[in-house]
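Chemist: Got a structure for you, work-v6.cif, holding mmCIF, C-alpha atoms and all ligand atoms.
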data_input
#
loop_
_atom_site.label_atom_id
_atom_site.label_comp_id
_atom_site.auth_asym_id
_atom_site.auth_seq_id
_atom_site.Cartn_x
_atom_site.Cartn_y
_atom_site.Cartn_z
CA MET A 1 -6.34 -29.76 19.80
CA ARG A 2 -9.25 -28.56 17.68
CA ILE A 3 -11.08 -31.24 15.71
CA PRO A 4 -11.50 -30.11 12.09
CA ILE A 5 -15.10 -29.44 11.11
CA MET A 6 -16.36 -29.65 7.53
CA ALA A 7 -19.91 -28.44 6.99
CA GLY A 8 -21.95 -28.61 3.79
CA ASN A 9 -24.31 -25.67 3.38
CA TRP A 10 -26.70 -26.96 0.74
CA LYS A 11 -28.53 -23.62 0.57
CA LEU A 12 -31.76 -23.64 -1.48
CA ASN A 13 -31.08 -26.93 -3.25
CA LYS A 14 -32.30 -30.53 -3.27
CA THR A 15 -35.72 -32.05 -2.82
CA LYS A 16 -36.16 -34.57 -0.02
CA GLN A 17 -35.33 -37.45 -2.28
CA GLU A 18 -32.25 -35.78 -3.76
CA ALA A 19 -31.06 -34.75 -0.32
CA GLU A 20 -31.45 -38.27 0.98
CA ALA A 21 -29.45 -39.68 -1.92
CA LEU A 22 -26.63 -37.16 -1.44
CA ALA A 23 -26.53 -37.75 2.32
CA GLY A 24 -26.43 -41.51 1.74
CA ASP A 25 -23.49 -41.22 -0.65
CA ILE A 26 -21.59 -38.92 1.70
CA ALA A 27 -22.26 -41.18 4.70
CA ALA A 28 -21.05 -44.23 2.79
CA GLY A 29 -17.92 -42.50 1.53
CA ALA A 30 -17.08 -41.04 4.93
CA ARG A 31 -17.44 -44.29 6.87
CA ASP A 32 -13.74 -44.48 7.67
CA VAL A 33 -13.24 -40.81 8.46
CA LYS A 34 -12.57 -40.58 12.17
CA ASP A 35 -10.69 -37.39 12.79
CA VAL A 36 -13.01 -34.85 11.14
CA GLU A 37 -16.46 -33.71 12.23
CA ILE A 38 -18.87 -33.68 9.28
CA VAL A 39 -22.06 -31.62 9.22
CA LEU A 40 -24.80 -31.59 6.56
CA CYS A 41 -27.14 -28.59 6.38
CA PRO A 42 -30.09 -29.24 4.05
CA VAL A 43 -33.23 -27.16 3.66
CA TYR A 44 -35.78 -27.43 6.49
CA THR A 45 -38.05 -29.76 4.53
CA ALA A 46 -35.25 -32.30 4.10
CA LEU A 47 -33.97 -32.23 7.69
CA ASP A 48 -35.99 -35.20 8.76
CA SER A 49 -35.10 -37.44 5.82
CA VAL A 50 -31.40 -36.51 5.90
CA GLY A 51 -31.45 -37.05 9.68
CA ARG A 52 -32.79 -40.56 9.18
CA THR A 53 -30.27 -41.30 6.45
CA ILE A 54 -27.28 -40.37 8.61
CA SER A 55 -28.55 -41.73 11.91
CA GLY A 56 -26.15 -44.31 13.29
CA THR A 57 -23.23 -42.63 11.46
CA ALA A 58 -20.82 -40.01 12.78
CA LEU A 59 -22.34 -37.36 10.52
CA LYS A 60 -24.25 -34.53 12.16
CA LEU A 61 -27.29 -32.60 11.04
CA GLY A 62 -27.42 -28.82 10.83
CA ALA A 63 -29.98 -26.17 9.83
CA GLN A 64 -29.30 -23.08 7.73
CA ASP A 65 -31.11 -20.56 9.90
CA VAL A 66 -33.37 -20.26 12.94
CA TYR A 67 -35.67 -17.79 14.66
CA TRP A 68 -34.94 -16.77 18.25
CA GLN A 69 -38.45 -17.06 19.67
CA GLU A 70 -39.39 -20.50 20.91
CA SER A 71 -42.98 -20.46 19.62
CA GLY A 72 -45.86 -18.09 18.88
CA ALA A 73 -47.31 -15.93 16.14
CA PHE A 74 -44.27 -15.74 13.85
CA THR A 75 -45.50 -17.06 10.53
CA GLY A 76 -42.88 -18.85 8.49
CA GLU A 77 -40.27 -19.16 11.22
CA VAL A 78 -38.67 -22.21 12.86
CA SER A 79 -37.28 -22.22 16.43
CA SER A 80 -34.20 -23.86 17.89
CA THR A 81 -36.45 -26.12 19.96
CA MET A 82 -37.99 -27.38 16.73
CA LEU A 83 -34.60 -27.79 15.07
CA LYS A 84 -33.42 -29.86 18.01
CA ASP A 85 -36.60 -31.89 17.75
CA ALA A 86 -35.80 -32.49 14.06
CA GLY A 87 -32.39 -33.89 15.01
CA CYS A 88 -30.17 -30.86 14.43
CA VAL A 89 -26.95 -30.44 16.36
CA PHE A 90 -25.68 -27.38 14.45
CA VAL A 91 -27.34 -24.21 13.14
CA ILE A 92 -25.77 -21.77 10.67
CA VAL A 93 -26.46 -18.23 11.85
CA GLY A 94 -25.84 -14.94 10.06
CA HIS A 95 -24.79 -16.29 6.68
CA SER A 96 -23.92 -13.39 4.38
CA GLU A 97 -26.82 -14.31 2.08
CA ARG A 98 -29.15 -13.77 5.01
CA ARG A 99 -27.44 -10.50 5.86
CA GLN A 100 -27.63 -9.42 2.21
CA PHE A 101 -31.12 -10.60 1.16
CA PHE A 102 -33.08 -11.00 4.38
CA GLY A 103 -32.08 -8.08 6.55
CA GLU A 104 -30.00 -10.02 9.07
CA SER A 105 -28.04 -7.70 11.36
CA ASN A 106 -25.55 -8.19 14.16
CA GLU A 107 -28.47 -7.77 16.60
CA THR A 108 -30.58 -10.53 15.04
CA VAL A 109 -27.51 -12.76 14.70
CA ASN A 110 -26.85 -12.23 18.40
CA GLN A 111 -30.42 -13.19 19.37
CA LYS A 112 -30.22 -16.30 17.20
CA VAL A 113 -26.84 -17.36 18.59
CA LYS A 114 -28.26 -17.06 22.11
CA ALA A 115 -31.40 -19.05 21.25
CA VAL A 116 -29.33 -21.82 19.65
CA LEU A 117 -26.99 -22.06 22.64
CA GLN A 118 -29.91 -22.04 25.03
CA GLU A 119 -31.19 -25.19 23.35
CA GLY A 120 -27.79 -26.87 23.68
CA LEU A 121 -27.12 -26.72 19.94
CA THR A 122 -23.98 -25.33 18.29
CA PRO A 123 -24.22 -22.14 16.24
CA ILE A 124 -21.97 -21.75 13.22
CA MET A 125 -21.79 -17.97 13.22
CA CYS A 126 -20.78 -16.44 9.89
CA VAL A 127 -18.75 -13.25 9.60
CA GLY A 128 -16.96 -11.58 6.72
CA GLU A 129 -16.45 -8.49 4.62
CA THR A 130 -17.70 -7.53 1.15
CA LEU A 131 -15.34 -6.58 -1.68
CA PRO A 132 -15.87 -2.82 -1.32
CA GLU A 133 -15.19 -3.17 2.40
CA ARG A 134 -11.95 -5.06 1.71
CA GLU A 135 -10.90 -2.52 -0.90
CA ALA A 136 -11.57 0.29 1.54
CA GLY A 137 -9.22 -1.37 4.06
CA ARG A 138 -12.08 -2.12 6.42
CA VAL A 139 -11.66 -5.91 6.88
CA GLU A 140 -10.59 -5.65 10.51
CA ALA A 141 -13.35 -3.18 11.39
CA VAL A 142 -16.12 -5.20 9.72
CA VAL A 143 -15.02 -8.58 11.03
CA SER A 144 -14.55 -7.20 14.57
CA ASP A 145 -18.00 -5.69 14.40
CA HIS A 146 -19.55 -9.00 13.27
CA VAL A 147 -17.71 -11.03 15.91
CA LYS A 148 -18.31 -8.64 18.81
CA GLY A 149 -21.91 -7.91 17.78
CA GLY A 150 -22.79 -11.55 17.26
CA LEU A 151 -21.26 -12.67 20.55
CA ALA A 152 -22.45 -9.70 22.66
CA GLY A 153 -23.59 -10.61 26.16
CA LEU A 154 -22.36 -14.20 26.00
CA THR A 155 -20.33 -15.71 28.83
CA ALA A 156 -16.89 -17.15 28.12
CA GLU A 157 -18.37 -20.62 28.54
CA GLU A 158 -21.00 -19.87 25.90
CA ILE A 159 -18.45 -18.40 23.49
CA GLY A 160 -16.53 -21.65 23.91
CA ARG A 161 -19.47 -23.52 22.37
CA VAL A 162 -19.66 -21.43 19.19
CA VAL A 163 -18.11 -22.27 15.82
CA ILE A 164 -17.20 -19.23 13.74
CA ALA A 165 -17.11 -19.23 9.95
CA TYR A 166 -15.05 -16.54 8.25
CA GLU A 167 -16.59 -16.10 4.82
CA PRO A 168 -15.38 -13.15 2.76
CA VAL A 169 -18.49 -12.29 0.76
CA TRP A 170 -16.49 -11.74 -2.44
CA ALA A 171 -15.32 -15.37 -2.31
CA ILE A 172 -18.73 -16.99 -1.92
CA GLY A 173 -19.90 -18.82 -5.02
CA THR A 174 -17.54 -16.76 -7.18
CA GLY A 175 -14.69 -19.21 -7.65
CA LYS A 176 -12.42 -16.58 -6.06
CA THR A 177 -10.94 -18.08 -2.92
CA ALA A 178 -9.06 -16.01 -0.41
CA THR A 179 -5.44 -17.07 -0.51
CA PRO A 180 -4.46 -19.23 2.48
CA GLU A 181 -2.44 -16.25 3.77
CA GLN A 182 -5.35 -13.81 3.41
CA ALA A 183 -7.64 -16.23 5.21
CA GLN A 184 -5.11 -17.00 7.95
CA GLU A 185 -4.64 -13.29 8.61
CA VAL A 186 -8.34 -12.85 9.35
CA HIS A 187 -8.59 -16.10 11.31
CA GLU A 188 -5.76 -14.90 13.51
CA LEU A 189 -7.58 -11.61 14.00
CA ILE A 190 -10.73 -13.49 15.02
CA ARG A 191 -8.82 -15.65 17.48
CA GLY A 192 -7.39 -12.48 18.98
CA LEU A 193 -10.90 -11.06 19.40
CA LEU A 194 -12.00 -14.29 21.07
CA ARG A 195 -9.06 -13.98 23.45
CA GLU A 196 -10.22 -10.47 24.37
CA LEU A 197 -13.82 -11.57 24.85
CA ALA A 198 -13.41 -14.94 26.53
CA GLY A 199 -9.77 -15.49 27.51
CA ALA A 200 -6.90 -17.45 26.02
CA GLU A 201 -8.11 -20.91 26.92
CA VAL A 202 -11.51 -20.48 25.21
CA ALA A 203 -9.91 -18.75 22.21
CA GLU A 204 -7.63 -21.74 21.67
CA ARG A 205 -10.59 -24.10 21.76
CA VAL A 206 -13.04 -22.33 19.41
CA ARG A 207 -13.03 -23.64 15.87
CA ILE A 208 -12.89 -21.12 13.05
CA GLN A 209 -13.95 -22.34 9.61
CA TYR A 210 -13.10 -20.70 6.33
CA GLY A 211 -15.82 -20.45 3.67
CA GLY A 212 -15.88 -19.14 0.11
CA SER A 213 -15.19 -21.31 -2.93
CA VAL A 214 -13.49 -24.09 -0.98
CA LYS A 215 -12.75 -26.82 -3.52
CA PRO A 216 -10.83 -30.10 -3.65
CA ASP A 217 -7.81 -28.32 -5.15
CA ASN A 218 -7.47 -25.57 -2.53
CA VAL A 219 -8.65 -27.28 0.65
CA LYS A 220 -5.27 -28.64 1.69
CA SER A 221 -3.44 -25.33 1.52
CA LEU A 222 -6.25 -23.61 3.46
CA MET A 223 -6.39 -26.34 6.10
CA SER A 224 -2.62 -26.21 6.58
CA GLN A 225 -2.94 -22.71 8.07
CA LYS A 226 -2.57 -22.56 11.82
CA ASP A 227 -5.92 -20.96 12.64
CA ILE A 228 -8.12 -22.57 9.95
CA ASP A 229 -10.02 -25.41 11.57
CA GLY A 230 -12.44 -26.44 8.87
CA ALA A 231 -14.60 -25.23 6.02
CA LEU A 232 -18.15 -24.11 5.42
CA VAL A 233 -18.83 -25.26 1.89
CA GLY A 234 -21.58 -24.32 -0.55
CA GLY A 235 -21.12 -25.38 -4.19
CA ALA A 236 -18.67 -28.22 -3.59
CA SER A 237 -20.91 -29.76 -0.93
CA LEU A 238 -23.64 -30.56 -3.47
CA LYS A 239 -21.67 -33.40 -5.04
CA ALA A 240 -20.67 -36.35 -2.90
CA ASP A 241 -17.28 -36.86 -4.56
CA ALA A 242 -16.21 -33.25 -4.19
CA PHE A 243 -17.40 -32.97 -0.59
CA LEU A 244 -15.76 -36.28 0.36
CA SER A 245 -12.50 -35.07 -1.08
CA LEU A 246 -12.75 -31.99 1.19
CA VAL A 247 -13.55 -34.14 4.20
CA LYS A 248 -10.50 -36.28 3.39
CA PHE A 249 -8.17 -33.29 2.97
CA ASN A 250 -5.66 -35.05 5.21
CA GLU A 251 -5.22 -37.93 2.80
CA LYS A 252 -4.22 -35.68 -0.10
P1 LIG B 1 -19.37 -21.56 -1.77
O1 LIG B 1 -20.34 -21.11 -0.57
O2 LIG B 1 -18.55 -22.72 -1.25
O3 LIG B 1 -20.30 -21.98 -2.87
O4 LIG B 1 -18.53 -20.38 -2.11
C1 LIG B 1 -19.88 -21.04 0.74
C2 LIG B 1 -20.97 -20.56 1.67
O5 LIG B 1 -21.75 -19.70 1.28
O6 LIG B 1 -21.09 -21.04 2.82
#
Is it possible to express this structure as structure tokens?

Modeler:
Amino acid sequence: MRIPIMAGNWKLNKTKQEAEALAGDIAAGARDVKDVEIVLCPVYTALDSVGRTISGTALKLGAQDVYWQESGAFTGEVSSTMLKDAGCVFVIVGHSERRQFFGESNETVNQKVKAVLQEGLTPIMCVGETLPEREAGRVEAVVSDHVKGGLAGLTAEEIGRVVIAYEPVWAIGTGKTATPEQAQEVHELIRGLLRELAGAEVAERVRIQYGGSVKPDNVKSLMSQKDIDGALVGGASLKADAFLSLVKFNEK
């Protein structure tokens, strides 16, 4: 059985104080949630204060990116060792915004995934096609390339420790969600790739999140799909009420 995982990707939002307030509200509202893993991913500067706010709760802390070197002359970067030191358990890697605006490639994603695993943290590795790629019938090719490239050189045991987020780029922040059937189709494809790469047992265990305009009114139908094990949420994670309603999708 895969434990559902709901992660809030706060992106470039919230000062320390605002982040602390949001984390506090989410922690309070999620006190009775037992069967869902909840992850909050604030900006680097708020990691410490959010970490303190949720310490002693079941909520986990995550970062939005990482650099693969442990230390050295890499101005502006943060390593997985430092993220662990700041209390992170999860790290988002290869988000489409990083691929689109910051030159992230399958090769850099792969190096980051390895560095995160090496530190004993869990990467949330993002994959997904753009609209032109979907329209050109290239979903399978692009997603396979992201999955295989990102996981290249990993052992089956290591692949078993990764969370994958399928995020069709055209659905991110646009209000256009993939239909549950469209999402399930790609999740099934990803699970098949995992089977090829790491065997059936690992493939059954790895959690695959959907991301892209997940909202309180579509979460239940997405989560009812066989291979959708959680959500990576941007916009709706910035308000405690909306995020809590996603976390409590089971009670709907
Ligand atoms: P969205 O973002 O929920 O605002 O579409 C999702 C994401 O980018 O992870």

Chemist: Considering all atoms listed in the file, give me a table of residues in stretch 119-167 of chain A that are at most 9 Å from stretch 72-87 of chain A, with the closest atom pair and distance in Å for each, as a tab-separated table.

Modeler:
residue	atom	partner	partner_atom	distance
A:Glu119	CA	A:Thr81	CA	6.3
A:Gly120	CA	A:Lys84	CA	8.5
A:Leu121	CA	A:Lys84	CA	7.3

Chemist: Between A:Ile172, A:Leu244, A:Met223, A:Val206, which residue has the minimum interatomic distance to ligand LIG 1 (chain B), considering all atoms listed in the file?

Modeler: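 Ranked by minimum distance to ligand LIG 1 (chain B), first place goes to A:Ile172.
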
Chemist: Hey, which residues sit close to ligand LIG 1 (chain B)? Say within 7 Å, counting all atoms listed in the file, and write them as a PDB file with C-alpha atoms, in the coordinates of the input.

Modeler:
ATOM      1  CA  ASN A   9     -24.310 -25.670   3.380  1.00  0.00           C
ATOM      2  CA  GLU A 167     -16.590 -16.100   4.820  1.00  0.00           C
ATOM      3  CA  ALA A 171     -15.320 -15.370  -2.310  1.00  0.00           C
ATOM      4  CA  ILE A 172     -18.730 -16.990  -1.920  1.00  0.00           C
ATOM      5  CA  GLY A 173     -19.900 -18.820  -5.020  1.00  0.00           C
ATOM      6  CA  THR A 174     -17.540 -16.760  -7.180  1.00  0.00           C
ATOM      7  CA  GLY A 175     -14.690 -19.210  -7.650  1.00  0.00           C
ATOM      8  CA  GLY A 211     -15.820 -20.450   3.670  1.00  0.00           C
ATOM      9  CA  GLY A 212     -15.880 -19.140   0.110  1.00  0.00           C
ATOM     10  CA  SER A 213     -15.190 -21.310  -2.930  1.00  0.00           C
ATOM     11  CA  VAL A 214     -13.490 -24.090  -0.980  1.00  0.00           C
ATOM     12  CA  LEU A 232     -18.150 -24.110   5.420  1.00  0.00           C
ATOM     13  CA  VAL A 233     -18.830 -25.260   1.890  1.00  0.00           C
ATOM     14  CA  GLY A 234     -21.580 -24.320  -0.550  1.00  0.00           C
ATOM     15  CA  GLY A 235     -21.120 -25.380  -4.190  1.00  0.00           C
ATOM     16  CA  ALA A 236     -18.670 -28.220  -3.590  1.00  0.00           C
TER      17      ALA A 236
END

Chemist: Tell me which protein, DNA and RNA residues are within 12 Å of A:Glu201, counting only C-alpha atoms, leaving out same-chain ones fewer than 3 positions away, and put them as JSON, numbers by chain.

Modeler: {"A": [1, 156, 157, 159, 160, 191, 192, 194, 195, 196, 197, 198, 204, 205, 206]}

Chemist: If I take atom CA of A:Cys126 and atom CA of A:Glu140, how far is one from the other in Å, to one decimal?

Modeler: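 These atoms are spaced 14.9 Å apart.
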
Chemist: Any idea what's packed within 8 Å of A:Ala19, counting all atoms listed in the file, ignoring anything in its chain fewer than 2 positions away? Could you give it as JSON, numbers by chain?

Modeler: {"A": [14, 15, 16, 17, 21, 22, 23, 42, 46, 49, 50]}
